[in-house]
$ cat data-v9.txt   # compact mmCIF, C-alpha atoms
# COMPACT_ATOMS: atom_id res chain seq x y z
CA MET A 194 98.74 -15.93 131.07
CA THR A 195 97.63 -13.35 128.48
CA ASP A 196 98.98 -9.72 128.57
CA LYS A 197 96.28 -7.09 128.41
CA SER A 198 96.63 -3.33 127.94
CA SER A 199 95.55 -1.33 130.94
CA ASP A 200 94.07 2.15 131.10
CA THR A 201 94.97 4.37 134.03
CA PRO A 202 92.37 7.00 134.90
CA ASN A 203 93.50 10.62 135.09
CA ASP A 204 92.50 13.12 137.74
CA ASP A 205 89.67 14.37 135.48
CA GLY A 206 88.30 10.86 135.12
CA SER A 207 89.49 10.21 131.57
CA ALA A 208 91.35 7.08 130.66
CA GLN A 209 95.03 7.25 129.82
CA ALA A 210 96.36 4.74 127.30
CA GLY A 211 98.83 2.42 128.90
CA GLN A 212 101.16 -0.07 127.49
CA GLY A 213 99.89 -2.18 124.63
CA ALA A 214 101.38 -4.92 122.55
CA SER A 215 102.71 -4.70 119.04
CA ALA A 216 102.26 -7.30 116.39
CA ALA A 217 105.63 -8.74 117.38
CA GLY A 218 104.61 -9.02 121.03
CA ARG A 219 106.80 -6.15 122.26
CA PRO A 220 105.30 -3.44 124.47
CA VAL A 221 104.54 -0.12 122.77
CA THR A 222 104.94 3.14 124.67
CA SER A 223 104.31 6.73 123.75
CA PRO A 224 106.61 9.69 124.56
CA PHE A 225 103.50 11.53 125.83
CA ASP A 226 103.12 8.97 128.63
CA SER A 227 106.43 10.07 130.11
CA PRO A 228 107.87 13.22 128.44
CA THR A 229 111.25 12.71 130.13
CA THR A 230 111.61 9.23 128.78
CA GLN A 231 113.84 8.94 125.71
CA MET A 232 112.26 7.10 122.80
CA ARG A 233 113.92 3.86 121.94
CA LYS A 234 115.39 3.35 118.51
CA PRO A 235 112.82 1.64 116.29
CA ASP A 236 113.52 -1.86 115.13
CA PRO A 237 114.11 -1.90 111.34
CA LYS A 238 111.90 -4.96 111.17
CA ASP A 239 108.91 -2.89 112.35
CA ILE A 240 109.22 -0.30 109.53
CA PRO A 241 106.78 -1.04 106.67
CA ARG A 242 108.54 -1.23 103.34
CA THR A 243 105.96 -2.34 100.80
CA ASP A 244 102.40 -1.47 99.82
CA GLU A 245 101.36 -4.83 101.18
CA ASP A 246 102.74 -3.97 104.64
CA LEU A 247 100.83 -0.69 104.55
CA GLY A 248 97.67 -2.31 103.26
CA LEU A 249 97.90 -0.37 99.96
CA ASP A 250 98.47 -3.24 97.54
CA PRO A 251 96.12 -2.48 94.60
CA GLY A 252 95.82 -6.12 93.67
CA ASP A 253 95.91 -7.81 90.31
CA GLU A 254 92.91 -5.93 88.92
CA VAL A 255 94.95 -2.70 88.51
CA PRO A 256 97.32 -2.71 85.47
CA GLY A 257 100.88 -2.21 86.59
CA ALA A 258 104.46 -2.32 85.54
CA SER A 259 107.61 -3.20 87.40
CA THR A 260 110.40 -0.78 88.05
CA ASN A 261 112.60 -2.85 85.78
CA GLN A 262 110.50 -1.60 82.86
CA THR A 263 111.06 2.02 83.80
CA GLY A 264 114.82 1.77 83.98
CA ARG A 265 114.99 2.74 87.68
CA GLY A 266 116.54 -0.46 88.85
CA GLY A 267 114.71 -3.43 90.21
CA GLY A 268 114.86 -6.67 92.09
CA ASP A 269 112.71 -9.11 93.97
CA ASP A 270 111.11 -6.29 95.97
CA ASP A 271 109.68 -4.56 92.87
CA TYR A 272 105.96 -3.98 93.12
CA GLY A 273 103.37 -3.05 90.54
CA TYR A 274 101.89 0.38 90.22
CA ALA A 275 99.13 1.85 88.10
CA THR A 276 100.44 3.32 84.85
CA ILE A 277 99.26 6.78 83.76
CA PRO A 278 99.03 7.28 80.00
CA PRO A 279 101.00 10.33 78.72
CA ALA A 280 99.07 13.40 77.69
CA SER A 281 98.52 13.55 73.97
CA ALA A 282 100.38 16.28 72.10
CA ALA A 283 98.33 19.24 70.88
CA SER A 284 97.46 18.98 67.21
CA ALA A 285 98.66 21.53 64.70
CA GLU A 286 95.11 22.82 64.29
CA THR A 287 94.78 23.34 68.04
CA VAL A 288 98.05 25.28 68.16
CA ARG A 289 96.94 27.35 65.17
CA LEU A 290 93.62 28.21 66.81
CA GLN A 291 95.33 29.14 70.08
CA ARG A 292 97.75 31.41 68.24
CA ARG A 293 94.90 32.97 66.28
CA ASN A 294 92.90 33.62 69.45
CA ARG A 295 95.89 35.35 71.05
CA GLU A 296 96.51 37.47 67.98
CA ALA A 297 92.88 38.56 67.76
CA ARG A 298 93.48 41.07 70.54
CA ARG A 299 95.39 43.62 68.47
CA GLY A 300 93.41 46.68 69.49
CA THR A 301 93.85 49.52 67.01
CA LEU A 302 97.13 48.16 65.61
CA ASP A 303 95.62 47.07 62.27
CA LEU A 304 93.82 50.39 61.89
CA GLY A 305 97.05 52.29 62.58
CA LEU A 306 98.96 50.25 60.01
CA PHE A 307 96.21 50.87 57.47
CA VAL A 308 96.41 54.63 58.06
CA LEU A 309 100.20 54.50 57.68
CA ARG A 310 99.91 52.57 54.41
CA LEU A 311 97.22 54.91 53.16
CA VAL A 312 99.23 58.07 53.82
CA VAL A 313 102.50 56.72 52.39
CA GLY A 314 100.85 54.99 49.44
CA CYS A 315 98.74 58.01 48.45
CA THR A 316 101.80 60.26 48.66
CA PHE A 317 103.64 58.10 46.15
CA ILE A 318 100.55 57.74 43.94
CA TYR A 319 100.26 61.53 43.89
CA HIS A 320 103.85 62.03 42.73
CA GLY A 321 103.62 59.13 40.27
CA LEU A 322 100.52 60.63 38.61
CA GLN A 323 102.28 63.99 38.41
CA LYS A 324 105.12 62.41 36.46
CA LEU A 325 102.98 60.13 34.29
CA THR A 326 99.90 62.21 33.44
CA GLY A 327 100.78 65.76 34.45
CA TRP A 328 97.91 65.87 36.95
CA PHE A 329 98.15 68.03 40.07
CA HIS A 330 100.36 70.56 38.21
CA GLY A 331 102.95 67.87 37.47
CA PRO A 332 105.55 67.84 34.68
CA GLY A 333 103.98 64.93 32.80
CA LEU A 334 105.90 62.18 31.03
CA ASP A 335 107.89 64.44 28.71
CA GLY A 336 108.62 66.94 31.44
CA THR A 337 109.83 64.14 33.72
CA LYS A 338 112.26 62.89 31.05
CA THR A 339 113.61 66.39 30.61
CA MET A 340 113.96 66.77 34.38
CA MET A 341 115.86 63.49 34.66
CA GLU A 342 118.17 64.38 31.78
CA SER A 343 118.97 67.81 33.17
CA GLY A 344 119.52 66.24 36.58
CA GLY A 345 122.41 64.14 35.33
CA TRP A 346 120.72 60.79 34.66
CA ASP A 347 122.42 59.01 31.77
CA TYR A 348 119.34 57.16 30.50
CA PRO A 349 116.43 59.55 31.12
CA SER A 350 113.78 57.29 29.53
CA LEU A 351 114.77 54.27 31.63
CA SER A 352 115.15 56.43 34.73
CA THR A 353 111.68 57.92 34.19
CA ALA A 354 110.10 54.48 33.76
CA LEU A 355 111.73 53.21 36.94
CA VAL A 356 110.70 56.16 39.08
CA ILE A 357 107.10 56.08 37.83
CA ALA A 358 106.84 52.31 38.37
CA GLY A 359 108.25 52.65 41.88
CA GLU A 360 106.03 55.56 42.88
CA LEU A 361 102.75 54.70 41.16
CA GLY A 362 102.92 50.91 41.25
CA GLY A 363 104.38 50.71 44.74
CA GLY A 364 101.91 53.30 46.06
CA ILE A 365 98.85 51.44 44.74
CA LEU A 366 100.03 48.12 46.18
CA LEU A 367 100.67 49.76 49.53
CA VAL A 368 97.17 51.22 49.74
CA ILE A 369 95.44 47.90 49.02
CA GLY A 370 97.99 45.92 51.01
CA LEU A 371 98.99 43.47 48.28
CA ALA A 372 102.53 42.04 48.08
CA THR A 373 103.31 44.59 50.76
CA PRO A 374 106.99 43.72 51.38
CA LEU A 375 107.79 44.11 47.68
CA ALA A 376 105.67 47.27 47.37
CA ALA A 377 107.30 48.88 50.41
CA GLY A 378 110.72 47.78 49.13
CA ALA A 379 110.00 49.42 45.76
CA VAL A 380 108.99 52.77 47.28
CA LEU A 381 111.96 52.57 49.66
CA ALA A 382 114.40 52.13 46.77
CA THR A 383 112.69 54.94 44.83
CA ILE A 384 112.77 57.44 47.67
CA LEU A 385 116.38 56.52 48.51
CA ASN A 386 117.33 57.42 44.94
CA ALA A 387 115.54 60.75 45.31
CA TRP A 388 117.32 61.30 48.64
CA MET A 389 120.75 60.65 47.11
CA TRP A 390 119.96 62.77 44.06
CA LYS A 391 118.92 65.81 46.11
CA GLN A 392 121.71 65.40 48.63
CA GLY A 393 124.35 65.33 45.91
CA MET A 394 123.19 68.54 44.22
CA VAL A 395 124.55 70.96 46.80
CA PRO A 396 127.40 70.49 49.32
CA GLY A 397 126.37 70.18 52.94
CA PHE A 398 123.73 68.10 54.66
CA GLN A 399 120.43 69.14 53.06
CA TYR A 400 118.08 68.17 55.90
CA ASN A 401 115.44 70.85 55.41
CA ALA A 402 112.16 71.30 53.61
CA SER A 403 112.50 74.93 52.54
CA THR A 404 114.69 74.33 49.47
CA PRO A 405 114.20 72.08 46.40
CA THR A 406 117.26 70.07 47.44
CA GLY A 407 116.05 69.48 50.99
CA VAL A 408 115.80 65.82 52.02
CA GLU A 409 113.64 66.22 55.12
CA LEU A 410 110.43 64.89 53.51
CA ASP A 411 112.38 62.13 51.77
CA SER A 412 113.88 61.06 55.10
CA VAL A 413 110.43 60.84 56.68
CA LEU A 414 109.17 58.70 53.79
CA VAL A 415 112.21 56.44 54.10
CA GLY A 416 111.39 55.87 57.77
CA ALA A 417 107.72 55.20 56.98
CA ALA A 418 108.59 52.65 54.29
CA LEU A 419 110.97 50.92 56.69
CA ALA A 420 108.26 50.79 59.36
CA ILE A 421 105.80 49.13 56.97
CA ILE A 422 108.35 46.50 55.96
CA LEU A 423 109.29 45.70 59.55
CA THR A 424 105.74 45.68 61.00
CA GLY A 425 103.72 44.26 58.11
CA PRO A 426 100.53 45.68 56.56
CA GLY A 427 98.18 44.38 59.26
CA ARG A 428 94.86 42.65 58.76
CA TRP A 429 93.23 45.54 56.93
CA SER A 430 94.94 44.44 53.72
CA LEU A 431 94.75 41.88 50.93
CA ASP A 432 97.78 40.25 52.52
CA ARG A 433 95.88 39.55 55.76
CA THR A 434 96.22 35.76 55.35
CA ARG A 435 99.96 35.97 54.78
CA GLY A 436 102.44 35.45 57.57
CA TRP A 437 104.14 38.79 56.95
CA ALA A 438 100.84 40.64 57.50
CA THR A 439 100.88 40.17 61.28
CA ARG A 440 104.08 38.23 62.07
CA PRO A 441 106.94 39.58 59.91
CA SER A 442 110.25 37.89 60.64
CA TYR A 443 113.81 37.83 59.31
CA GLY A 444 112.55 38.13 55.74
CA SER A 445 111.85 41.79 56.47
CA PHE A 446 115.55 42.49 56.92
CA VAL A 447 116.23 40.76 53.61
CA VAL A 448 113.74 43.06 51.87
CA VAL A 449 115.33 46.13 53.46
CA LEU A 450 118.82 45.09 52.37
CA LEU A 451 117.65 44.32 48.82
CA ALA A 452 115.89 47.71 48.56
CA ILE A 453 119.00 49.58 49.74
CA ALA A 454 121.20 47.59 47.35
CA ALA A 455 118.81 48.27 44.44
CA ALA A 456 118.82 52.00 45.18
CA ILE A 457 122.63 52.21 45.34
CA ILE A 458 123.14 50.12 42.19
CA THR A 459 120.53 52.11 40.24
CA PHE A 460 122.03 55.43 41.28
CA TRP A 461 125.56 54.27 40.54
CA PHE A 462 124.85 53.03 37.01
CA LEU A 463 122.23 55.58 35.92
CA HIS A 464 123.56 58.69 37.62
CA GLY A 465 127.01 58.14 39.08
CA GLY A 466 128.83 60.42 41.46
CA ASN A 467 128.94 60.52 45.22
CA PRO A 468 125.41 60.30 46.67
CA LEU A 469 126.65 61.45 50.10
CA LYS A 470 128.33 64.62 48.92
CA GLY A 471 128.73 67.07 51.76
CA VAL A 472 127.57 64.64 54.48
CA GLY A 473 130.36 64.72 57.05
CA PRO A 474 133.21 62.26 56.37
CA PHE A 475 131.47 60.90 53.23
CA SER A 476 132.01 64.10 51.22
$ encode --input "data-v9.txt" --output "structure tokens"
Amino acid sequence: MTDKSSDTPNDDGSAQAGQGASAAGRPVTSPFDSPTTQMRKPDPKDIPRTDEDLGLDPGDEVPGASTNQTGRGGGDDDYGYATIPPASAASAETVRLQRRNREARRGTLDLGLFVLRLVVGCTFIYHGLQKLTGWFHGPGLDGTKTMMESGGWDYPSLSTALVIAGELGGGILLVIGLATPLAAGAVLATILNAWMWKQGMVPGFQYNASTPTGVELDSVLVGAALAIILTGPGRWSLDRTRGWATRPSYGSFVVVLLAIAAAIITFWFLHGGNPLKGVGPFS
């Protein structure tokens, strides 16, 4: 005699699912049929374990690989699965374009750096032309040599050549934005020498602009030269294709250290004395 599932009608006339038969021939009940009835523990044999049991076997037409090939263990129960090719790595050109697109949004940064270079560079060009040509009521070449000699410089001709090269040459390169780290390093070394020279003339810290020995303006120019070295010239420059124009890195610190070392060595050998005379514990 064949077992058939029966439907029991509810009070509202709908059919209620009764007991059915599983694939193994055992009756199947639902906890909703009798909420107080405790569900029986499922038979492990009834739990599907493979894609074939679930009806998900992709078949031979889908390329697959066994778990033994992936290093995750394996055995007779391994089954194939569709392989997904890895994403290709971004090319160097793609990365370069992405970086360039991000850097394009610089706002007024390049304009600000150009203004900074223009002000600092023109200031040094002005003083360099005073010393070289005598323009702008300057001392001229001979007057500059006399000034250096009376100021205690041992080799006034060499000292004059160095200060003019640092001010005039470094100032021009800063304005056009060419070899900017070297140009800013040159003006930094030059203005540091002027700072030490003025500071050593009179005891006490000479941070003022009202006396010839005041180092206030020199200190501001030192800070401006440092800022240009550490930030780069920006894209409004002849160095715009160089890495240091928009992305200066550790090389900037090297330039700063070399400029400071050049200033100290130049002052020590061409002038001598204590450049920090009267500055707190250094006097």
$ residues_near_point --input "data-v9.txt" --point "(116.1, 51.4, 42.8)" --cutoff "9 Å" --atoms "all atoms listed in the file" --output "compact mmCIF listing (two decimals) with C-alpha atoms, keeping the file's coordinate frame"
# COMPACT_ATOMS: atom_id res chain seq x y z
CA LEU A 355 111.73 53.21 36.94
CA VAL A 356 110.70 56.16 39.08
CA GLY A 359 108.25 52.65 41.88
CA ALA A 379 110.00 49.42 45.76
CA VAL A 380 108.99 52.77 47.28
CA LEU A 381 111.96 52.57 49.66
CA ALA A 382 114.40 52.13 46.77
CA THR A 383 112.69 54.94 44.83
CA ILE A 384 112.77 57.44 47.67
CA LEU A 385 116.38 56.52 48.51
CA ASN A 386 117.33 57.42 44.94
CA ALA A 452 115.89 47.71 48.56
CA ILE A 453 119.00 49.58 49.74
CA ALA A 454 121.20 47.59 47.35
CA ALA A 455 118.81 48.27 44.44
CA ALA A 456 118.82 52.00 45.18
CA ILE A 457 122.63 52.21 45.34
CA ILE A 458 123.14 50.12 42.19
CA THR A 459 120.53 52.11 40.24
CA PHE A 460 122.03 55.43 41.28
$ atom_distance --input "data-v9.txt" --atom1 "atom CA of Leu309 of chain A" --atom2 "atom CA of Pro441 of chain A"
16.5 Å
$ atom_distance --input "data-v9.txt" --atom1 "atom CA of Phe317 of chain A" --atom2 "atom CA of Thr353 of chain A"
14.4 Å
$ residues_near_point --input "data-v9.txt" --point "(104.9, 65.0, 35.8)" --cutoff "12 Å" --atoms "all atoms listed in the file" --output "number ranges by chain"
A: 318-341, 353-354, 356-357, 360-361
$ residues_around --input "data-v9.txt" --residues "Arg299 of chain A" --least-positions-apart "4" --cutoff "10 Å" --atoms "all atoms listed in the file" --output "list in words"
Arg295, Asp303, Leu304, Gly427, Arg428 and Thr439 of chain A
$ axis_aligned_box --input "data-v9.txt" --around "segment 392-402 of chain A" --padding-each-side "8 Å" --output "lines of an AutoDock Vina configuration file"
center_x = 119.8
center_y = 68.3
center_z = 50.1
size_x = 31.2
size_y = 22.0
size_z = 27.7
$ closest_residue --input "data-v9.txt" --among "A:Ala438, A:Leu431, A:Ile240, A:Met389" --to "Gly465 of chain A" --atoms "all atoms listed in the file"
A:Met389
$ atom_distance --input "data-v9.txt" --atom1 "atom CA of Gly397 of chain A" --atom2 "atom CA of Ala417 of chain A"
24.3 Å
$ closest_residue --input "data-v9.txt" --among "A:Leu414, A:Val408, A:Ile421, A:Leu371" --to "Val448 of chain A" --atoms "all atoms listed in the file"
A:Ile421
$ closest_residue --input "data-v9.txt" --among "A:Val395, A:Leu450, A:Leu410, A:Ala377" --to "Pro426 of chain A" --atoms "only C-alpha atoms"
A:Ala377
$ closest_residue --input "data-v9.txt" --among "A:Gly416, A:Gly314, A:Gly466, A:Pro349" --to "Val368 of chain A" --atoms "all atoms listed in the file"
A:Gly314
